[in-house]
file data00.cif (mmCIF, N, CA and C atoms and all ligand atoms)
data_coords
loop_
_atom_site.label_atom_id
_atom_site.label_comp_id
_atom_site.auth_asym_id
_atom_site.auth_seq_id
_atom_site.Cartn_x
_atom_site.Cartn_y
_atom_site.Cartn_z
N MET A 254 176.55 53.51 100.57
CA MET A 254 177.60 52.67 99.97
C MET A 254 176.94 51.45 99.31
N THR A 255 177.38 51.15 98.09
CA THR A 255 176.79 50.01 97.39
C THR A 255 177.31 48.69 97.97
N ASP A 256 176.65 47.64 97.59
CA ASP A 256 177.07 46.32 98.08
C ASP A 256 178.49 45.98 97.63
N LEU A 257 178.81 46.34 96.39
CA LEU A 257 180.14 46.02 95.89
C LEU A 257 181.22 46.81 96.64
N ARG A 258 180.94 48.06 96.93
CA ARG A 258 181.91 48.85 97.70
C ARG A 258 182.06 48.28 99.11
N LYS A 259 180.98 47.77 99.66
CA LYS A 259 181.06 47.13 100.99
C LYS A 259 181.95 45.89 100.92
N LEU A 260 181.81 45.14 99.85
CA LEU A 260 182.63 43.94 99.68
C LEU A 260 184.11 44.32 99.51
N GLN A 261 184.34 45.38 98.76
CA GLN A 261 185.72 45.84 98.55
C GLN A 261 186.34 46.27 99.89
N LYS A 262 185.52 46.90 100.73
CA LYS A 262 185.99 47.32 102.06
C LYS A 262 186.27 46.08 102.94
N LEU A 263 185.43 45.07 102.80
CA LEU A 263 185.60 43.82 103.54
C LEU A 263 186.93 43.15 103.18
N VAL A 264 187.25 43.16 101.90
CA VAL A 264 188.51 42.57 101.43
C VAL A 264 189.69 43.37 101.99
N LYS A 265 189.57 44.70 101.94
CA LYS A 265 190.63 45.57 102.46
C LYS A 265 190.89 45.26 103.94
N ARG A 266 189.82 45.15 104.71
CA ARG A 266 189.96 44.85 106.14
C ARG A 266 190.58 43.47 106.35
N PHE A 267 190.13 42.50 105.58
CA PHE A 267 190.65 41.13 105.68
C PHE A 267 192.17 41.12 105.47
N ILE A 268 192.60 41.84 104.45
CA ILE A 268 194.04 41.89 104.13
C ILE A 268 194.81 42.62 105.22
N ASP A 269 194.30 43.76 105.64
CA ASP A 269 194.99 44.57 106.65
C ASP A 269 195.05 43.89 108.01
N GLU A 270 193.98 43.20 108.39
CA GLU A 270 193.97 42.50 109.69
C GLU A 270 195.00 41.38 109.75
N ARG A 271 195.45 40.93 108.61
CA ARG A 271 196.43 39.83 108.56
C ARG A 271 197.83 40.32 108.20
N ASP A 272 197.93 41.61 107.98
CA ASP A 272 199.20 42.21 107.58
C ASP A 272 199.77 41.52 106.33
N TRP A 273 198.90 41.31 105.37
CA TRP A 273 199.33 40.65 104.13
C TRP A 273 199.66 41.64 103.03
N ARG A 274 199.31 42.91 103.25
CA ARG A 274 199.49 43.89 102.19
C ARG A 274 200.94 43.95 101.71
N ARG A 275 201.87 43.83 102.65
CA ARG A 275 203.29 43.92 102.25
C ARG A 275 203.75 42.77 101.37
N PHE A 276 202.97 41.69 101.31
CA PHE A 276 203.34 40.58 100.43
C PHE A 276 202.64 40.66 99.07
N GLN A 277 201.66 41.55 99.01
CA GLN A 277 200.83 41.59 97.81
C GLN A 277 201.23 42.73 96.88
N THR A 278 201.55 42.36 95.68
CA THR A 278 201.78 43.35 94.63
C THR A 278 200.66 43.16 93.62
N THR A 279 200.47 44.16 92.81
CA THR A 279 199.41 44.05 91.81
C THR A 279 199.69 42.86 90.88
N LYS A 280 200.98 42.66 90.56
CA LYS A 280 201.37 41.54 89.70
C LYS A 280 201.00 40.20 90.35
N GLU A 281 201.34 40.04 91.61
CA GLU A 281 201.01 38.79 92.31
C GLU A 281 199.50 38.56 92.35
N LEU A 282 198.76 39.63 92.58
CA LEU A 282 197.30 39.51 92.66
C LEU A 282 196.69 39.19 91.29
N ALA A 283 197.27 39.77 90.25
CA ALA A 283 196.79 39.46 88.89
C ALA A 283 197.08 37.99 88.57
N MET A 284 198.25 37.52 88.96
CA MET A 284 198.58 36.10 88.75
C MET A 284 197.62 35.22 89.55
N ASN A 285 197.31 35.64 90.77
CA ASN A 285 196.37 34.88 91.60
C ASN A 285 195.00 34.81 90.95
N ALA A 286 194.56 35.92 90.33
CA ALA A 286 193.25 35.92 89.65
C ALA A 286 193.25 34.87 88.54
N SER A 287 194.35 34.78 87.82
CA SER A 287 194.46 33.80 86.75
C SER A 287 194.44 32.37 87.30
N VAL A 288 195.17 32.15 88.37
CA VAL A 288 195.21 30.82 89.00
C VAL A 288 193.81 30.41 89.46
N GLU A 289 193.12 31.35 90.11
CA GLU A 289 191.78 31.04 90.60
C GLU A 289 190.81 30.77 89.44
N ALA A 290 190.94 31.54 88.36
CA ALA A 290 190.09 31.31 87.19
C ALA A 290 190.34 29.92 86.61
N ASN A 291 191.60 29.50 86.66
CA ASN A 291 191.93 28.17 86.15
C ASN A 291 191.45 27.05 87.08
N GLU A 292 191.41 27.34 88.38
CA GLU A 292 190.84 26.35 89.31
C GLU A 292 189.35 26.16 89.01
N LEU A 293 188.69 27.24 88.65
CA LEU A 293 187.27 27.15 88.26
C LEU A 293 187.14 26.33 86.97
N LEU A 294 187.99 26.64 86.02
CA LEU A 294 187.98 25.94 84.74
C LEU A 294 188.28 24.45 84.89
N GLU A 295 189.18 24.13 85.82
CA GLU A 295 189.57 22.74 86.04
C GLU A 295 188.37 21.87 86.44
N LEU A 296 187.39 22.46 87.09
CA LEU A 296 186.20 21.69 87.50
C LEU A 296 185.46 21.13 86.28
N PHE A 297 185.63 21.80 85.13
CA PHE A 297 184.90 21.42 83.92
C PHE A 297 185.73 20.54 82.98
N LEU A 298 187.00 20.43 83.29
CA LEU A 298 187.91 19.69 82.41
C LEU A 298 187.52 18.22 82.27
N TRP A 299 187.47 17.76 81.06
CA TRP A 299 187.18 16.37 80.69
C TRP A 299 185.78 15.91 81.10
N GLN A 300 184.90 16.84 81.29
CA GLN A 300 183.53 16.48 81.66
C GLN A 300 182.63 16.64 80.43
N ASN A 301 181.65 15.80 80.32
CA ASN A 301 180.69 15.89 79.24
C ASN A 301 179.84 17.15 79.40
N GLU A 302 179.81 17.96 78.34
CA GLU A 302 179.14 19.26 78.42
C GLU A 302 177.65 19.17 78.76
N ARG A 303 176.97 18.24 78.12
CA ARG A 303 175.52 18.11 78.39
C ARG A 303 175.26 17.59 79.81
N ALA A 304 176.09 16.65 80.24
CA ALA A 304 175.93 16.11 81.60
C ALA A 304 176.20 17.21 82.63
N LEU A 305 177.18 18.05 82.31
CA LEU A 305 177.50 19.17 83.20
C LEU A 305 176.33 20.13 83.34
N ASP A 306 175.76 20.52 82.19
CA ASP A 306 174.63 21.44 82.21
C ASP A 306 173.48 20.85 83.03
N LYS A 307 173.26 19.56 82.85
CA LYS A 307 172.18 18.89 83.59
C LYS A 307 172.47 18.94 85.10
N LYS A 308 173.71 18.63 85.43
CA LYS A 308 174.10 18.64 86.85
C LYS A 308 173.93 20.03 87.46
N ILE A 309 174.31 21.04 86.69
CA ILE A 309 174.29 22.41 87.21
C ILE A 309 172.87 22.97 87.22
N LEU A 310 172.21 22.89 86.08
CA LEU A 310 170.88 23.50 85.99
C LEU A 310 169.84 22.79 86.85
N ASN A 311 169.96 21.49 86.96
CA ASN A 311 168.99 20.74 87.78
C ASN A 311 169.42 20.63 89.24
N LYS A 312 170.57 21.21 89.53
CA LYS A 312 171.12 21.19 90.90
C LYS A 312 171.18 19.76 91.45
N GLU A 313 171.59 18.83 90.55
CA GLU A 313 171.64 17.42 90.93
C GLU A 313 172.83 17.08 91.82
N ASP A 314 173.92 17.81 91.63
CA ASP A 314 175.16 17.48 92.33
C ASP A 314 175.55 18.67 93.22
N THR A 315 175.12 18.63 94.44
CA THR A 315 175.34 19.78 95.34
C THR A 315 176.83 19.96 95.68
N VAL A 316 177.57 18.87 95.70
CA VAL A 316 179.00 18.96 95.98
C VAL A 316 179.70 19.71 94.84
N PHE A 317 179.34 19.35 93.61
CA PHE A 317 179.92 20.01 92.44
C PHE A 317 179.53 21.49 92.42
N LEU A 318 178.27 21.78 92.69
CA LEU A 318 177.80 23.17 92.73
C LEU A 318 178.56 23.98 93.78
N LYS A 319 178.80 23.35 94.91
CA LYS A 319 179.53 24.04 95.97
C LYS A 319 180.96 24.37 95.52
N LYS A 320 181.57 23.45 94.79
CA LYS A 320 182.92 23.71 94.26
C LYS A 320 182.90 24.87 93.27
N ILE A 321 181.87 24.91 92.41
CA ILE A 321 181.76 26.02 91.45
C ILE A 321 181.59 27.34 92.20
N LYS A 322 180.73 27.33 93.20
CA LYS A 322 180.52 28.55 94.00
C LYS A 322 181.82 29.00 94.65
N ASN A 323 182.53 28.08 95.25
CA ASN A 323 183.79 28.42 95.94
C ASN A 323 184.83 29.00 94.99
N GLU A 324 184.99 28.35 93.85
CA GLU A 324 186.01 28.83 92.91
C GLU A 324 185.60 30.16 92.28
N THR A 325 184.30 30.33 92.03
CA THR A 325 183.83 31.62 91.49
C THR A 325 184.06 32.72 92.51
N ALA A 326 183.80 32.42 93.76
CA ALA A 326 184.05 33.40 94.83
C ALA A 326 185.54 33.72 94.92
N ASP A 327 186.39 32.73 94.72
CA ASP A 327 187.84 32.98 94.73
C ASP A 327 188.24 33.95 93.62
N VAL A 328 187.65 33.77 92.44
CA VAL A 328 187.94 34.67 91.32
C VAL A 328 187.48 36.09 91.66
N PHE A 329 186.30 36.17 92.22
CA PHE A 329 185.74 37.47 92.61
C PHE A 329 186.61 38.15 93.68
N LEU A 330 187.02 37.37 94.66
CA LEU A 330 187.91 37.88 95.71
C LEU A 330 189.22 38.39 95.10
N ALA A 331 189.74 37.64 94.15
CA ALA A 331 190.99 38.06 93.49
C ALA A 331 190.79 39.39 92.76
N CYS A 332 189.66 39.55 92.11
CA CYS A 332 189.37 40.82 91.40
C CYS A 332 189.24 41.97 92.39
N LEU A 333 188.55 41.73 93.48
CA LEU A 333 188.40 42.77 94.50
C LEU A 333 189.77 43.12 95.11
N SER A 334 190.61 42.12 95.28
CA SER A 334 191.95 42.35 95.84
C SER A 334 192.80 43.21 94.91
N ILE A 335 192.70 42.97 93.60
CA ILE A 335 193.43 43.79 92.63
C ILE A 335 192.96 45.24 92.72
N ALA A 336 191.66 45.42 92.76
CA ALA A 336 191.10 46.78 92.85
C ALA A 336 191.57 47.47 94.12
N ASP A 337 191.59 46.73 95.22
CA ASP A 337 192.05 47.28 96.49
C ASP A 337 193.52 47.69 96.40
N GLN A 338 194.34 46.79 95.90
CA GLN A 338 195.78 47.05 95.81
C GLN A 338 196.09 48.21 94.87
N ALA A 339 195.41 48.21 93.72
CA ALA A 339 195.69 49.24 92.71
C ALA A 339 194.95 50.54 93.00
N GLY A 340 194.05 50.50 93.97
CA GLY A 340 193.37 51.72 94.39
C GLY A 340 192.32 52.23 93.42
N PHE A 341 191.56 51.32 92.84
CA PHE A 341 190.45 51.79 92.01
C PHE A 341 189.14 51.17 92.48
N ASP A 342 188.07 51.81 92.05
CA ASP A 342 186.73 51.39 92.42
C ASP A 342 186.26 50.36 91.39
N LEU A 343 186.13 49.11 91.82
CA LEU A 343 185.77 48.04 90.88
C LEU A 343 184.37 48.24 90.30
N GLU A 344 183.48 48.79 91.10
CA GLU A 344 182.13 49.03 90.59
C GLU A 344 182.17 50.04 89.43
N GLU A 345 182.93 51.09 89.64
CA GLU A 345 183.05 52.11 88.59
C GLU A 345 183.68 51.50 87.34
N ALA A 346 184.73 50.69 87.53
CA ALA A 346 185.40 50.04 86.39
C ALA A 346 184.45 49.11 85.67
N PHE A 347 183.63 48.40 86.44
CA PHE A 347 182.70 47.44 85.84
C PHE A 347 181.62 48.16 85.04
N VAL A 348 181.06 49.20 85.62
CA VAL A 348 180.00 49.96 84.92
C VAL A 348 180.58 50.58 83.65
N SER A 349 181.79 51.09 83.73
CA SER A 349 182.45 51.67 82.57
C SER A 349 182.64 50.61 81.48
N LYS A 350 183.07 49.41 81.89
CA LYS A 350 183.28 48.32 80.94
C LYS A 350 181.97 47.90 80.27
N MET A 351 180.90 47.84 81.06
CA MET A 351 179.61 47.45 80.49
C MET A 351 179.13 48.47 79.46
N LYS A 352 179.39 49.74 79.72
CA LYS A 352 179.02 50.79 78.75
C LYS A 352 179.81 50.61 77.46
N GLU A 353 181.11 50.31 77.61
CA GLU A 353 181.98 50.09 76.45
C GLU A 353 181.48 48.89 75.63
N LEU A 354 181.13 47.80 76.32
CA LEU A 354 180.64 46.60 75.63
C LEU A 354 179.29 46.85 74.97
N ASP A 355 178.46 47.64 75.63
CA ASP A 355 177.15 47.97 75.08
C ASP A 355 177.29 48.72 73.75
N LYS A 356 178.29 49.58 73.69
CA LYS A 356 178.56 50.32 72.44
C LYS A 356 179.13 49.40 71.38
N ARG A 357 180.12 48.58 71.78
CA ARG A 357 180.81 47.73 70.82
C ARG A 357 179.89 46.67 70.22
N TYR A 358 179.03 46.11 71.05
CA TYR A 358 178.14 45.05 70.58
C TYR A 358 176.72 45.59 70.49
N ASP A 359 176.46 46.32 69.44
CA ASP A 359 175.14 46.90 69.21
C ASP A 359 174.09 45.79 69.26
N LYS A 360 173.16 45.92 70.17
CA LYS A 360 172.18 44.83 70.38
C LYS A 360 171.36 44.52 69.14
N LYS A 361 171.16 45.50 68.29
CA LYS A 361 170.40 45.25 67.05
C LYS A 361 171.21 44.41 66.07
N LYS A 362 172.54 44.59 66.09
CA LYS A 362 173.40 43.87 65.15
C LYS A 362 173.75 42.46 65.62
N VAL A 363 173.86 42.25 66.92
CA VAL A 363 174.34 40.95 67.42
C VAL A 363 173.24 40.12 68.07
N TYR A 364 172.04 40.63 68.06
CA TYR A 364 170.94 39.95 68.76
C TYR A 364 170.82 38.49 68.32
N GLY A 365 170.89 37.58 69.28
CA GLY A 365 170.70 36.16 69.01
C GLY A 365 171.88 35.46 68.37
N ASP A 366 172.99 36.15 68.16
CA ASP A 366 174.15 35.53 67.53
C ASP A 366 175.45 36.10 68.10
N PRO A 367 176.03 35.40 69.06
CA PRO A 367 177.26 35.90 69.68
C PRO A 367 178.47 35.87 68.74
N ARG A 368 178.33 35.27 67.55
CA ARG A 368 179.47 35.21 66.62
C ARG A 368 179.65 36.51 65.84
N LYS A 369 178.68 37.38 65.89
CA LYS A 369 178.74 38.64 65.13
C LYS A 369 179.58 39.68 65.86
N ILE A 370 180.84 39.39 65.92
CA ILE A 370 181.75 40.33 66.58
C ILE A 370 182.20 41.37 65.57
N PRO A 371 182.08 42.64 65.93
CA PRO A 371 182.45 43.68 64.96
C PRO A 371 183.94 43.65 64.63
N SER A 372 184.26 43.97 63.39
CA SER A 372 185.67 43.99 62.99
C SER A 372 186.36 45.22 63.60
N LYS A 373 187.68 45.08 63.81
CA LYS A 373 188.44 46.17 64.40
C LYS A 373 188.67 47.25 63.35
N GLU A 374 188.55 48.50 63.78
CA GLU A 374 188.73 49.61 62.84
C GLU A 374 190.14 50.15 62.90
MG MG B 1 190.48 28.47 94.49
#

call {"tool": "encode", "arguments": {"input": "data00.cif", "output": "structure tokens", "more": "lines below"}}
Ligand SMILES: [Mg+2]
result
Amino acid sequence: MTDLRKLQKLVKRFIDERDWRRFQTTKELAMNASVEANELLELFLWQNERALDKKILNKEDTVFLKKIKNETADVFLACLSIADQAGFDLEEAFVSKMKELDKRYDKKKVYGDPRKIPSKE
């Protein structure tokens, strides 16, 4: 079993041990993923971009880094919860998505320039 599948199993057990499944719908979990993503985004709101990069890359502010880690983990937990509720393998979905992106963004065409997004056909 891969590490991601182990994590998905951990989430399933966490939910079942608390009898929370009956309160969770895929819609609620999707909304939760959005809320958690916005909590992560809120950490960056009104902050100077260069100062932020310095704080993060130089690990100058451990409290701030801990908040980023916590909120990122919340987003990840929300994604795992959706996969658990909807009954799909997140690892498989992720690998499939990466293959799709690899095709869409030909590395020879977009190398070094993220603005070169292919037009829709
Ligand atoms: Mg949170």

call {"tool": "residues_near_ligand", "arguments": {"input": "data00.cif", "ligand": "ligand MG 1 (chain B)", "cutoff": "7 Å", "atoms": "all atoms listed in the file", "output": "PyMOL selection string"}}
result
chain A and resi 288-290+292-293+323-325+327-328

call {"tool": "closest_residue", "arguments": {"input": "data00.cif", "among": "A:Glu345, A:Ser334, A:Gly340, A:Gln300", "to": "Ile268 of chain A", "atoms": "only C-alpha atoms"}}
result
A:Ser334

call {"tool": "select_by_dssp", "arguments": {"input": "data00.cif", "residues": "chain A", "states": "helix (DSSP H, G or I)", "output": "PyMOL selection string"}}
result
chain A and resi 256-270+274-276+279-295+302-310+315-339+343-357+360-363

call {"tool": "residues_near_point", "arguments": {"input": "data00.cif", "point": "(189.7, 43.6, 88.4)", "cutoff": "10 Å", "atoms": "only C-alpha atoms", "output": "VMD selection string"}}
result
chain A and resid 282 to 283 286 328 to 337 339 341 to 344 346 to 347

call {"tool": "atom_distance", "arguments": {"input": "data00.cif", "atom1": "atom N of Ala326 of chain A", "atom2": "atom N of Thr255 of chain A"}}
result
20.3 Å

call {"tool": "atom_distance", "arguments": {"input": "data00.cif", "atom1": "atom N of Val316 of chain A", "atom2": "atom C of Lys259 of chain A"}}
result
27.9 Å

call {"tool": "atom_distance", "arguments": {"input": "data00.cif", "atom1": "atom CA of Lys320 of chain A", "atom2": "atom CA of Lys308 of chain A"}}
result
12.6 Å

call {"tool": "axis_aligned_box", "arguments": {"input": "data00.cif", "around": "segment 334-348 of chain A", "padding_each_side": "3 Å", "output": "AutoDock Vina command-line options"}}
result
--center_x 188.0 --center_y 47.2 --center_z 90.1 --size_x 22.1 --size_y 16.1 --size_z 18.8
